[in-house]
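Novice: I'd like to ask some things about the structure below.
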Amino acid sequence: MKRLILMALIGLGLFGRLFAGEGMWIPMLLKQLNEKEMQAMGMRITADDIYSLNHSSLKDAIVLFGRGCTGEIVSDQGLLLTNHHCGFGQIQKHSSVEHDYLTNGFWAMNRAEELPNPGLTVTMLVKMEDVTQAVLGGLDPGLTEAQRAAKIAENIKILVDLAKKETDLDVSVRAFYHGNQYFMIFNQIFKDIRLVGAPPSNIGKFGGDTDNWMWPRHTGDFSVFRIYVGKDGKPAEYHPDNVPYKPAYHLPVSLKGVTEGDFTFVFGYPARTNEYLPSDAIRLIAEASNPQKIKLRETRLAIFKKYSANDSRVRIQYADKDAGVANGWKKMIGESKGIRRLDGVGRKQDFEARFEKWAESNAETREKYAGLLNAFKTNYKEIEKYTLAADYITECGLGIELIRFASQFRPMVDEANKAAQDTKKIKEFAEKLQSATAAFFKDYYQPIDYEVANALMLIYLDQQPENFRPDFVNEVQQKFKGDVKKWSDYLFGKSVFLSPEKIKSLLEEANPKKIKSLTKDPAYQYYVSLANFYETQVRKPMQALTASNDSLQRLYMQAQMEMNPEKRFYPDANFTLRVAYGKVEGFSPADAVYYEYYTSLKGIMEKENPLVYDYVVEPKLKELYQQHDFGEYADASGELRVAFAASNHTTGGNSGSPVLNADGQMVGLNFDRCWEGTMSDLMYDPQMSRNITVDIRYVLFIMDKFAGARHLVDEMTIVR
Ligand code: ARG
Ligand code: ASP
């Protein structure tokens, strides 16, 4: 690997011409790989200002928010910004019909009003080290894949155990470049994170799922939290006496805005990309798996919508679930379309033809790489049917909330079924399940789930081959003569998991005998049948294939780097901290259409429609618009900008990431991508791939002018 990086470095001279926004780079390697280019594009700070171990740097202000988003610290009092859709779960949990923070927004006017969020964490990278040599060095090339993996796991464990003796930080080792390079990551984890503010959904989710994944966009997608620590300044569990965290660095916030062509970069936690897959994998995702999942999700979404439209209680209950299902649904549509438009499969095949030629070109590469693509082909052909079956398990089987709820009880019921039960363990399980149960019933509306179960089961029966379905699905035909309604009436009529009182008292009592009786509950049995099917018919048979693919992918990655020694490769996203950079720019999504790079409040008024939930405009916002009361947040022409588009390469997990200008000042919060470019997780397209950012001036305007929370703006370091 050292050699590969060296080769990448030799290629440095060529970068200027090749670059087109693509790439998610490792902060620690910016100096070697990217600094020169970033500065040529306009950056006025150094790689060292972004990531340094010797002094405070931008990285000290960037965090992983929860488990799926990014956040950033913007004051010396631990004030944190992320997206509204990232804080959505928390906002929703604090909401009820009486205190509907989703609809009305929430603003703590002082520290005492800030709301704790049990379970929510914020993770901050302290440092990372290249440990490739220690993990891979000395591996016998004669090892089988399984032996090799075991040896690597062993090496990692030794390294981690050793490191843990010296630090109380969280330590882990992560694979990069599909197992060609390894880094040790040292993290600090904060556990007392309080909700400070959120705009009403009419602002934070303006445009809803209609505008989601699309440009032009007018969403004020932000929420505000604060990190608290113990009195000793160290991370601690929630305690009323905890104090705001004093960070080593917090981001300055610029009111100067951006214009077309400006350099920007995004600093955050992209979750997963797959840029180096073979054509067979791309085809499987874009042509087979996505279309199937899209259809299954449409069924659920239509039912959610029907019940939410006229019932505000149900709408609140299902807001978070609906957003999650809809988000993936729309992303998959965009991704498959984008791959088709780019002829992604064809492009990969062209590359593969060149690759084969190269691999055959000399004895050394032939020995290492010939046959690699054929092996992929054989594997993916086999994998397809398992992938599609797994899609049905997650989208169809676990799409029924009742069955998913029952699944959470499995460890406890398993324990109760043991000959020598551990009653203490059972008690512990029961205790944990109490809060999960309360959360489930708070947001559960049985008529929706009943209708979903009926609809999904019909599709399951119709679409999946009889010899390749969980037993309980076949039971519908055998026991219920194919009458899906009879089946669901039985399930919903019989299951004790639908009775909050019974489940509650069962958990309070934690009587092993009674818990054991859940084994006979139909919802529980259906879950067990689903899980058994997955285990025996999908996961097990697929195990060898996945392992084989992993090692093929590792080799293929290495081979691609060897074949293109002058190309600079970035590792696929793996939920580690990365820097992406590009320019503020519009794009042309279709023939004769050009999208400008920014949107403004005027556009919100254009979209206004009091009859459509997604486009209702807050009266106060309208008033501010009519009075043109934008304060210092207007641009030079007096307009209030809302969002902008840029060519930074981002993906899921980058939501909430700061978008920074040439001076490393925050100019916005990343929250989405343009639909035409969403295949960037598999194939980035410089023409179409754009990230969407809410302009920080709109964020501050909403806090200050709309919500009257000027004290939060005053807490920040504002660059005027
Ligand atoms: N598409 C964005 C992302 O993937 C935002 C999702 C939240 N918004 C929504 N309307 N569901 O996370
Ligand atoms: N909206 C995504 C997120 O939540 C970002 C993206 O996929 O572009 O991370």
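Labels used: A, B, ... for chains in the order of the structure tokens, numbers from 1 for residues in each chain, and numbers from 1 for ligands as shown.
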May I have all residues of segment 196-270 of chain A that DSSP, computed from the backbone, assigns to alpha helix (DSSP H), given as a PyMOL selection string?

Specialist: chain A and resi 201-204+208-211

Novice: Quick one: residues within 7 Å of ligand 1, with only C-alpha atoms and all ligand atoms, as number ranges by chain?

Specialist: A: 85, 205, 208-209, 212-213, 323-324, 326-327, 652, 655, 671-673

Novice: If you take only C-alpha atoms and all ligand atoms and a cut-off of 9 Å, which residues of chain A touch ligand 2, and what are their nearest atom pairs and distances in Å to one decimal, in chain and number order, as JSON lines?

Specialist:
```
{"residue": "A:Gly68", "atom": "CA", "partner": "ligand 2", "partner_atom_place_in_ligand_line": "9 (O)", "distance": 7.0}
{"residue": "A:Cys69", "atom": "CA", "partner": "ligand 2", "partner_atom_place_in_ligand_line": "9 (O)", "distance": 5.8}
{"residue": "A:Thr70", "atom": "CA", "partner": "ligand 2", "partner_atom_place_in_ligand_line": "9 (O)", "distance": 7.8}
{"residue": "A:Asn83", "atom": "CA", "partner": "ligand 2", "partner_atom_place_in_ligand_line": "4 (O)", "distance": 8.2}
{"residue": "A:His85", "atom": "CA", "partner": "ligand 2", "partner_atom_place_in_ligand_line": "4 (O)", "distance": 7.2}
{"residue": "A:Cys86", "atom": "CA", "partner": "ligand 2", "partner_atom_place_in_ligand_line": "4 (O)", "distance": 6.8}
{"residue": "A:Asn212", "atom": "CA", "partner": "ligand 2", "partner_atom_place_in_ligand_line": "1 (N)", "distance": 8.6}
{"residue": "A:Trp213", "atom": "CA", "partner": "ligand 2", "partner_atom_place_in_ligand_line": "1 (N)", "distance": 7.5}
{"residue": "A:Tyr269", "atom": "CA", "partner": "ligand 2", "partner_atom_place_in_ligand_line": "9 (O)", "distance": 8.5}
{"residue": "A:Pro270", "atom": "CA", "partner": "ligand 2", "partner_atom_place_in_ligand_line": "9 (O)", "distance": 7.2}
{"residue": "A:Ala271", "atom": "CA", "partner": "ligand 2", "partner_atom_place_in_ligand_line": "9 (O)", "distance": 7.9}
{"residue": "A:Asn327", "atom": "CA", "partner": "ligand 2", "partner_atom_place_in_ligand_line": "1 (N)", "distance": 8.2}
{"residue": "A:Lys331", "atom": "CA", "partner": "ligand 2", "partner_atom_place_in_ligand_line": "7 (O)", "distance": 8.1}
{"residue": "A:His649", "atom": "CA", "partner": "ligand 2", "partner_atom_place_in_ligand_line": "8 (O)", "distance": 8.7}
{"residue": "A:Thr650", "atom": "CA", "partner": "ligand 2", "partner_atom_place_in_ligand_line": "8 (O)", "distance": 5.6}
{"residue": "A:Thr651", "atom": "CA", "partner": "ligand 2", "partner_atom_place_in_ligand_line": "7 (O)", "distance": 4.0}
{"residue": "A:Gly652", "atom": "CA", "partner": "ligand 2", "partner_atom_place_in_ligand_line": "9 (O)", "distance": 3.2}
{"residue": "A:Gly653", "atom": "CA", "partner": "ligand 2", "partner_atom_place_in_ligand_line": "9 (O)", "distance": 3.6}
{"residue": "A:Asn654", "atom": "CA", "partner": "ligand 2", "partner_atom_place_in_ligand_line": "9 (O)", "distance": 4.4}
{"residue": "A:Ser655", "atom": "CA", "partner": "ligand 2", "partner_atom_place_in_ligand_line": "9 (O)", "distance": 3.6}
{"residue": "A:Gly656", "atom": "CA", "partner": "ligand 2", "partner_atom_place_in_ligand_line": "9 (O)", "distance": 7.2}
{"residue": "A:Ser657", "atom": "CA", "partner": "ligand 2", "partner_atom_place_in_ligand_line": "9 (O)", "distance": 8.6}
{"residue": "A:Asn670", "atom": "CA", "partner": "ligand 2", "partner_atom_place_in_ligand_line": "5 (C)", "distance": 7.4}
{"residue": "A:Phe671", "atom": "CA", "partner": "ligand 2", "partner_atom_place_in_ligand_line": "1 (N)", "distance": 5.0}
{"residue": "A:Asp672", "atom": "CA", "partner": "ligand 2", "partner_atom_place_in_ligand_line": "8 (O)", "distance": 3.9}
{"residue": "A:Arg673", "atom": "CA", "partner": "ligand 2", "partner_atom_place_in_ligand_line": "8 (O)", "distance": 4.4}
{"residue": "A:Cys674", "atom": "CA", "partner": "ligand 2", "partner_atom_place_in_ligand_line": "8 (O)", "distance": 8.1}
{"residue": "A:Thr678", "atom": "CA", "partner": "ligand 2", "partner_atom_place_in_ligand_line": "8 (O)", "distance": 7.6}
{"residue": "A:Asp681", "atom": "CA", "partner": "ligand 2", "partner_atom_place_in_ligand_line": "7 (O)", "distance": 8.8}
{"residue": "A:Arg690", "atom": "CA", "partner": "ligand 2", "partner_atom_place_in_ligand_line": "8 (O)", "distance": 8.8}
{"residue": "A:Asn691", "atom": "CA", "partner": "ligand 2", "partner_atom_place_in_ligand_line": "8 (O)", "distance": 6.4}
{"residue": "A:Ile692", "atom": "CA", "partner": "ligand 2", "partner_atom_place_in_ligand_line": "8 (O)", "distance": 7.6}
```

Novice: Tell me which protein, DNA and RNA residues are within 8 Å of Lys348 of chain A, counting only C-alpha atoms, leaving out same-chain ones fewer than 4 positions away, and put them as an MDAnalysis selection string.

Specialist: chainID A and resid 278:279 344 352

Novice: I need the residues in segment 247-443 of chain A that are strand (DSSP E or B) according to DSSP; give them as JSON, numbers by chain.

Specialist: {"A": [253, 254, 263, 264, 265, 266, 267, 268]}

Novice: Choose the residue, out of A:Asp320, A:Glu364, A:Asp76, A:Glu384, that has the smallest atom-to-atom separation from Tyr249 of chain A; count only C-alpha atoms.

Specialist: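 So, comparing all the options, the nearest one is A:Asp76.
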
Novice: Excluding segment 111-120 of chain A and residues on its chain fewer than 2 positions from it, collect all residues at most 6 Å away from it, counting only C-alpha atoms, and give them as a VMD selection string.

Specialist: chain A and resid 66 108 194 to 196

Novice: Take the residues that were just selected and, keeping N, CA, C and O atoms, output them as a PDB file, in the first residue's frame.

Specialist:
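Final file, again.pdb:
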```
ATOM      1  N   GLY A  66     -25.150  11.660  16.501  1.00  0.00           N
ATOM      2  CA  GLY A  66     -25.892  10.400  16.598  1.00  0.00           C
ATOM      3  C   GLY A  66     -25.104   9.338  15.878  1.00  0.00           C
ATOM      4  O   GLY A  66     -23.879   9.271  15.995  1.00  0.00           O
ATOM      5  N   ALA A 108     -35.265  27.069  23.085  1.00  0.00           N
ATOM      6  CA  ALA A 108     -34.927  27.251  24.492  1.00  0.00           C
ATOM      7  C   ALA A 108     -34.446  28.691  24.625  1.00  0.00           C
ATOM      8  O   ALA A 108     -33.524  29.099  23.931  1.00  0.00           O
ATOM      9  N   ARG A 194     -28.139  18.289  24.358  1.00  0.00           N
ATOM     10  CA  ARG A 194     -29.490  18.830  24.588  1.00  0.00           C
ATOM     11  C   ARG A 194     -30.009  19.607  23.384  1.00  0.00           C
ATOM     12  O   ARG A 194     -29.243  20.262  22.681  1.00  0.00           O
ATOM     13  N   LEU A 195     -31.311  19.495  23.213  1.00  0.00           N
ATOM     14  CA  LEU A 195     -31.967  20.215  22.123  1.00  0.00           C
ATOM     15  C   LEU A 195     -32.123  21.682  22.511  1.00  0.00           C
ATOM     16  O   LEU A 195     -32.663  22.003  23.570  1.00  0.00           O
ATOM     17  N   VAL A 196     -31.646  22.572  21.636  1.00  0.00           N
ATOM     18  CA  VAL A 196     -31.684  24.007  21.905  1.00  0.00           C
ATOM     19  C   VAL A 196     -32.737  24.697  21.046  1.00  0.00           C
ATOM     20  O   VAL A 196     -33.435  25.593  21.498  1.00  0.00           O
TER      21      VAL A 196
END
```

Novice: Go through segment 305-381 of chain A and flag each residue having an atom no more than 12 Å from segment 392-404 of chain A; for those, report the closest pair of atoms plus their distance in Å to one decimal, using only C-alpha atoms, ordered by chain and rising number, as JSON lines.

Specialist:
```
{"residue": "A:Tyr318", "atom": "CA", "partner": "A:Glu401", "partner_atom": "CA", "distance": 11.5}
{"residue": "A:Lys321", "atom": "CA", "partner": "A:Glu401", "partner_atom": "CA", "distance": 10.4}
{"residue": "A:Asp322", "atom": "CA", "partner": "A:Gly399", "partner_atom": "CA", "distance": 11.8}
{"residue": "A:Val325", "atom": "CA", "partner": "A:Glu395", "partner_atom": "CA", "distance": 9.6}
{"residue": "A:Gly328", "atom": "CA", "partner": "A:Glu395", "partner_atom": "CA", "distance": 11.2}
{"residue": "A:Trp329", "atom": "CA", "partner": "A:Glu395", "partner_atom": "CA", "distance": 10.9}
```

Novice: If you count only C-alpha atoms, which residues fall within 6 Å of segment 178-192 of chain A, apart from same-chain ones fewer than 3 positions away, as a list of chain:residue names?

Specialist: A:Thr121, A:Val122, A:Thr123, A:Met124, A:Leu125, A:Val126, A:Lys127, A:Met128, A:Glu129, A:Asp130, A:Val131, A:Thr132, A:Leu169, A:Asp170, A:Val171, A:Ser172, A:Val173, A:Arg174, A:Ala175, A:Tyr228, A:Pro235, A:Ala236, A:Glu237, A:Tyr238, A:Arg554

Novice: Show which residues sit within 7 Å of His84 of chain A, as an MDAnalysis selection string. Count only C-alpha atoms, and ignore same-chain residues fewer than 2 positions away.

Specialist: chainID A and resid 82 86:88 198 204 221:223

Novice: Write a file of the just-selected residues containing all heavy atoms, as a compact mmCIF listing (two decimals), in the first residue's frame.

Specialist:
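The resulting result_5.txt:
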```txt
# COMPACT_ATOMS: atom_id res chain seq x y z
N THR A 82 -26.80 21.11 13.30
CA THR A 82 -26.94 19.99 12.38
C THR A 82 -28.21 20.24 11.58
O THR A 82 -28.79 21.33 11.66
CB THR A 82 -26.96 18.63 13.13
OG1 THR A 82 -26.90 17.58 12.16
CG2 THR A 82 -28.20 18.46 13.99
N CYS A 86 -31.83 15.68 10.78
CA CYS A 86 -30.95 14.88 11.64
C CYS A 86 -31.43 14.92 13.09
O CYS A 86 -31.32 13.94 13.82
CB CYS A 86 -29.52 15.38 11.56
SG CYS A 86 -28.80 15.17 9.94
N GLY A 87 -31.96 16.06 13.50
CA GLY A 87 -32.51 16.18 14.85
C GLY A 87 -33.98 15.78 14.90
O GLY A 87 -34.61 15.83 15.96
N PHE A 88 -34.52 15.39 13.75
CA PHE A 88 -35.96 15.13 13.62
C PHE A 88 -36.47 14.11 14.65
O PHE A 88 -37.51 14.33 15.28
CB PHE A 88 -36.25 14.64 12.20
CG PHE A 88 -37.68 14.78 11.78
CD1 PHE A 88 -38.20 16.02 11.48
CD2 PHE A 88 -38.51 13.67 11.68
CE1 PHE A 88 -39.53 16.16 11.08
CE2 PHE A 88 -39.84 13.80 11.28
CZ PHE A 88 -40.34 15.05 10.98
N ALA A 198 -35.29 24.39 17.14
CA ALA A 198 -35.65 23.81 15.85
C ALA A 198 -36.73 24.69 15.25
O ALA A 198 -37.64 25.11 15.96
CB ALA A 198 -36.16 22.40 16.03
N GLY A 204 -38.21 23.92 8.47
CA GLY A 204 -37.15 22.91 8.53
C GLY A 204 -37.34 21.79 7.54
O GLY A 204 -36.39 21.11 7.17
N ASP A 221 -33.21 23.57 6.57
CA ASP A 221 -32.97 22.27 7.19
C ASP A 221 -31.89 22.34 8.28
O ASP A 221 -30.78 21.87 8.09
CB ASP A 221 -32.59 21.27 6.10
CG ASP A 221 -32.75 19.82 6.55
OD1 ASP A 221 -32.85 19.59 7.77
OD2 ASP A 221 -32.75 18.93 5.69
N PHE A 222 -32.24 22.94 9.42
CA PHE A 222 -31.25 23.01 10.52
C PHE A 222 -31.94 22.81 11.86
O PHE A 222 -33.14 23.05 12.01
CB PHE A 222 -30.51 24.36 10.52
CG PHE A 222 -31.35 25.49 11.05
CD1 PHE A 222 -31.24 25.90 12.38
CD2 PHE A 222 -32.28 26.14 10.24
CE1 PHE A 222 -32.04 26.94 12.88
CE2 PHE A 222 -33.08 27.17 10.73
CZ PHE A 222 -32.95 27.56 12.06
N SER A 223 -31.17 22.34 12.83
CA SER A 223 -31.62 22.33 14.21
C SER A 223 -30.40 22.59 15.08
O SER A 223 -29.27 22.50 14.62
CB SER A 223 -32.31 21.01 14.57
OG SER A 223 -31.43 19.93 14.36
```

Novice: Could you list, as a list in words, every residue within 7 Å of Ala580 of chain A, counting only C-alpha atoms and ignoring same-chain residues fewer than 5 positions away?

Specialist: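 My reading of the contact set: Gly23, Met24, Trp25, Phe265, Val266, Phe267, Asn648 and His649 of chain A.
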
Novice: Take the residues just selected and output them with N, CA, C and O atoms as a short mmCIF file (atom, residue, chain, number, x, y, z; two decimals), in the first residue's frame.

Specialist:
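Result file follows (again.cif):
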```
data_model
loop_
_atom_site.label_atom_id
_atom_site.label_comp_id
_atom_site.auth_asym_id
_atom_site.auth_seq_id
_atom_site.Cartn_x
_atom_site.Cartn_y
_atom_site.Cartn_z
N GLY A 23 -14.51 13.04 -5.05
CA GLY A 23 -13.56 12.60 -4.04
C GLY A 23 -13.95 12.98 -2.63
O GLY A 23 -14.49 14.05 -2.38
N MET A 24 -13.69 12.06 -1.71
CA MET A 24 -13.91 12.29 -0.27
C MET A 24 -12.60 11.89 0.38
O MET A 24 -12.27 10.71 0.46
N TRP A 25 -11.87 12.89 0.84
CA TRP A 25 -10.46 12.66 1.16
C TRP A 25 -10.22 12.55 2.66
O TRP A 25 -10.95 13.11 3.47
N PHE A 265 -15.61 23.77 0.65
CA PHE A 265 -15.37 22.38 1.03
C PHE A 265 -16.33 21.94 2.12
O PHE A 265 -16.89 22.76 2.85
N VAL A 266 -16.54 20.63 2.17
CA VAL A 266 -17.48 20.02 3.11
C VAL A 266 -16.67 19.10 4.01
O VAL A 266 -15.88 18.29 3.53
N PHE A 267 -16.87 19.24 5.31
CA PHE A 267 -16.08 18.49 6.27
C PHE A 267 -17.06 17.67 7.11
O PHE A 267 -17.86 18.22 7.86
N ASN A 648 -19.53 19.66 -4.51
CA ASN A 648 -18.79 18.89 -3.51
C ASN A 648 -19.35 17.46 -3.51
O ASN A 648 -20.56 17.27 -3.53
N HIS A 649 -18.48 16.50 -3.45
CA HIS A 649 -18.91 15.10 -3.50
C HIS A 649 -19.35 14.64 -2.10
O HIS A 649 -18.52 14.46 -1.22
#
```

Novice: Closest to Tyr534 of chain A among A:Ala416, A:Leu388, A:Ile718, A:Ile91, using only C-alpha atoms?

Specialist: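 Among the listed residues, A:Leu388 lies closest to Tyr534 of chain A.
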
Novice: Would you compute the distance between atom CA of Ala47 of chain A and atom CA of Asp635 of chain A? Give it in Å to one decimal.

Specialist: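 So the two atoms, atom CA of Ala47 of chain A and atom CA of Asp635 of chain A, lie 29.7 Å apart.
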